[in-house]
Amino acid sequence: MSFPTLAGIDFTSRPTKRKPITVALGSSDGASVRLVRLDRHASFDGFAAWLRTPGPWLGAFDFPFGLPRELVETLGWPCEWLPLMRHYAALTREEIRATFAAFCDARPVGGKFAHRACDVPAGSSPSMKWVNPPVAYMLHAGMPLLIDAGVHLPGLHAGDASRVALEAYPGLLARELIGNRSYKSDEVAKQTPERLIARKDLIEALGQGRTRLGLRLRLTHAQRDALAADASGDELDAVLCLVQAAWAAREPGFGVPADVDPLEGWIVSAGSPAPS
């Protein structure tokens with residue numbers, strides 16, 4: 001199936017008008033990715049409605065789709081993905097924080113968190129982390145929306161094959177292009193000229209296709225200026241996810257390894273070989 005509509009989603013576990021869920025919509029011809037527009041959802045209701053948009057579309061979402069198997073087995077939680085997600089969704093954030101903190105407290109320094117297999121190749125935070133960034137809460141808030149919308153989650157949960165959702169991580173692609181330079185901050189005091197320059201360099205590198213994904217990002221001058229001006233980086237992160245979605249759309253099995261742990265899931269393009 002081809003996917004004329006692609007999406008990259010910068011997710012937040014507490015959407016507001018000031019900090020909405022940002023969706024970058026675009027298309028790809030196989031060699032380049034074109035940004036069509038950016039949509040912003042200030043509530044879960046609006047985002048949930050978008051998830052039900054008829055396909056075919058493929059989206060790459062910036063929040064974890066699973067928990068570390070080591071964590072799940074240690075806690076005695078369900079070891080099948082859908083029952084696990086139902087169990088997790090039924091917990092409060094306070095219960096999640098207390099449970100994960102107790103897990104960490106019982107482990108030695110340097111090994112407090114459990115990790116998924118994709119964390120190391122992606123350079124991502126463990127999906128059980130509840131602060132800086134609170135990805136555990138993002139999973140808690142986001143996954144029930146995907147399940148209820150009936151989208152297809154390759155390697156995890158069968159759904160509507162014309163609406164495909166994959167886990168993405170914009171930091172993976174950003175680091176490939178500009179190293180460990182910081183390009184965003186929600187704190188006004190940290191929205192420095194250095195971070196603006198980093199965003200501009202990142203946008204330029206995406207436009208030149210300087211990534212192993214083999215795709216060039218096509219932007220209008222107005223889009224380029226708007227992405228550079230967004231000091232929070234939310235719009236740029238959504239666009240980075242859009243590029244990862246375009247890569248996945250042309251890969252066998254959407255780039256998800258055949259032997260992926262069906263409890264943990266996988267991050268788009270983590271550990272993927274360079275294109276031939």
# chains A, B, ... in the order shown; residues from 1 in each chain; ligands from 1
>>> residues_around(residues="Leu215 (chain A)", least_positions_apart="5", cutoff="6 Å", atoms="only C-alpha atoms", output="ChimeraX atom specification")
/A:31-32,209
>>> write_last_selection(atoms="C-alpha atoms", output="PDB file, in the first residue's frame")
ATOM      1  CA  ALA A  31      13.600  10.950  -3.029  1.00  0.00           C
ATOM      2  CA  SER A  32      12.318  13.959  -1.143  1.00  0.00           C
ATOM      3  CA  GLY A 209      19.563  15.424   2.418  1.00  0.00           C
TER       4      GLY A 209
END
>>> residues_around(residues="Phe65 (chain A)", least_positions_apart="5", cutoff="7 Å", atoms="only C-alpha atoms", output="PyMOL selection string")
chain A and resi 139+143+167+265
>>> write_last_selection(atoms="N, CA and C atoms", output="tab-separated table (two decimals), in the first residue's frame")
chain	number	residue	atom	x	y	z
A	139	LEU	N	3.61	8.05	27.00
A	139	LEU	CA	3.07	6.74	26.66
A	139	LEU	C	1.70	6.54	27.30
A	143	MET	N	-0.88	6.37	24.06
A	143	MET	CA	-1.21	5.05	23.51
A	143	MET	C	-2.70	4.72	23.56
A	167	GLU	N	6.51	4.46	16.07
A	167	GLU	CA	7.21	5.28	17.06
A	167	GLU	C	8.41	5.95	16.42
A	265	GLY	N	8.43	-2.84	21.27
A	265	GLY	CA	8.32	-2.01	20.08
A	265	GLY	C	9.67	-1.53	19.58
>>> residues_around(residues="Ala89 (chain A)", least_positions_apart="2", cutoff="12 Å", atoms="only C-alpha atoms", output="count of residues only")
23
>>> residues_around(residues="region 124-127 of chain A", least_positions_apart="4", cutoff="7 Å", atoms="only C-alpha atoms", output="short mmCIF file (atom, residue, chain, number, x, y, z; two decimals) with N, CA and C atoms, in the first residue's frame")
data_model
loop_
_atom_site.label_atom_id
_atom_site.label_comp_id
_atom_site.auth_asym_id
_atom_site.auth_seq_id
_atom_site.Cartn_x
_atom_site.Cartn_y
_atom_site.Cartn_z
N PRO A 64 6.98 6.95 23.29
CA PRO A 64 7.25 5.50 23.28
C PRO A 64 5.98 4.68 23.11
N LEU A 67 7.08 -0.60 26.88
CA LEU A 67 7.89 -0.54 28.10
C LEU A 67 8.97 -1.62 28.06
N PHE A 113 17.58 2.63 35.62
CA PHE A 113 16.48 2.44 34.69
C PHE A 113 16.64 1.15 33.89
N ALA A 114 15.52 0.54 33.55
CA ALA A 114 15.51 -0.54 32.57
C ALA A 114 15.37 0.07 31.18
N HIS A 115 15.95 -0.58 30.18
CA HIS A 115 15.94 -0.04 28.82
C HIS A 115 15.34 -1.04 27.85
N ARG A 116 14.77 -0.49 26.78
CA ARG A 116 14.33 -1.32 25.66
C ARG A 116 15.51 -1.58 24.72
N ASP A 119 16.64 1.48 22.65
CA ASP A 119 17.12 2.70 23.29
C ASP A 119 18.56 3.03 22.94
N VAL A 120 19.43 2.02 22.95
CA VAL A 120 20.85 2.27 22.69
C VAL A 120 21.08 2.70 21.24
N VAL A 135 8.63 10.80 29.40
CA VAL A 135 8.14 9.94 28.32
C VAL A 135 7.20 8.86 28.84
N ALA A 136 7.33 8.47 30.10
CA ALA A 136 6.40 7.49 30.68
C ALA A 136 4.98 8.04 30.68
#
>>> closest_residue(among="A:Val72, A:Ala174, A:Ala165, A:Ala228", to="Ala149 (chain A)", atoms="only C-alpha atoms")
A:Ala165
>>> residues_around(residues="Ala7 (chain A)", least_positions_apart="6", cutoff="9 Å", atoms="only C-alpha atoms", output="PDB file with C-alpha atoms, in the first residue's frame")
ATOM      1  CA  VAL A  23       1.326  17.446  13.444  1.00  0.00           C
ATOM      2  CA  ALA A  24       3.481  17.987  10.361  1.00  0.00           C
ATOM      3  CA  LEU A  25       1.608  16.756   7.283  1.00  0.00           C
ATOM      4  CA  GLY A  26       3.413  16.051   4.051  1.00  0.00           C
ATOM      5  CA  SER A  27       4.102  13.760   1.136  1.00  0.00           C
ATOM      6  CA  TRP A  57      -1.774   7.660   5.876  1.00  0.00           C
ATOM      7  CA  LEU A  58       1.346   6.800   7.852  1.00  0.00           C
ATOM      8  CA  GLY A  59       2.401   8.718  10.941  1.00  0.00           C
ATOM      9  CA  ALA A  60       5.576   8.743  13.039  1.00  0.00           C
ATOM     10  CA  PHE A  61       4.845   9.676  16.650  1.00  0.00           C
ATOM     11  CA  ALA A 238       7.337  17.247  14.070  1.00  0.00           C
ATOM     12  CA  VAL A 239       9.095  17.766  10.726  1.00  0.00           C
ATOM     13  CA  CYS A 241       9.347  12.825  12.557  1.00  0.00           C
ATOM     14  CA  LEU A 242       7.791  13.472   9.134  1.00  0.00           C
ATOM     15  CA  VAL A 243      11.115  12.640   7.473  1.00  0.00           C
ATOM     16  CA  ALA A 245       7.779   8.577   8.428  1.00  0.00           C
ATOM     17  CA  ALA A 246       8.756   9.037   4.774  1.00  0.00           C
TER      18      ALA A 246
END
>>> closest_residue(among="A:Ala189, A:Ala101, A:Val256, A:Leu38", to="Gly8 (chain A)", atoms="only C-alpha atoms")
A:Leu38
>>> residues_around(residues="region 44-56 of chain A", least_positions_apart="4", cutoff="8 Å", atoms="only C-alpha atoms", output="ChimeraX atom specification")
/A:2-5,15,21,145-146,149,151,162-163
>>> atom_distance(atom1="CA of Phe254 (chain A)", atom2="CA of Asn180 (chain A)")
27.2 Å
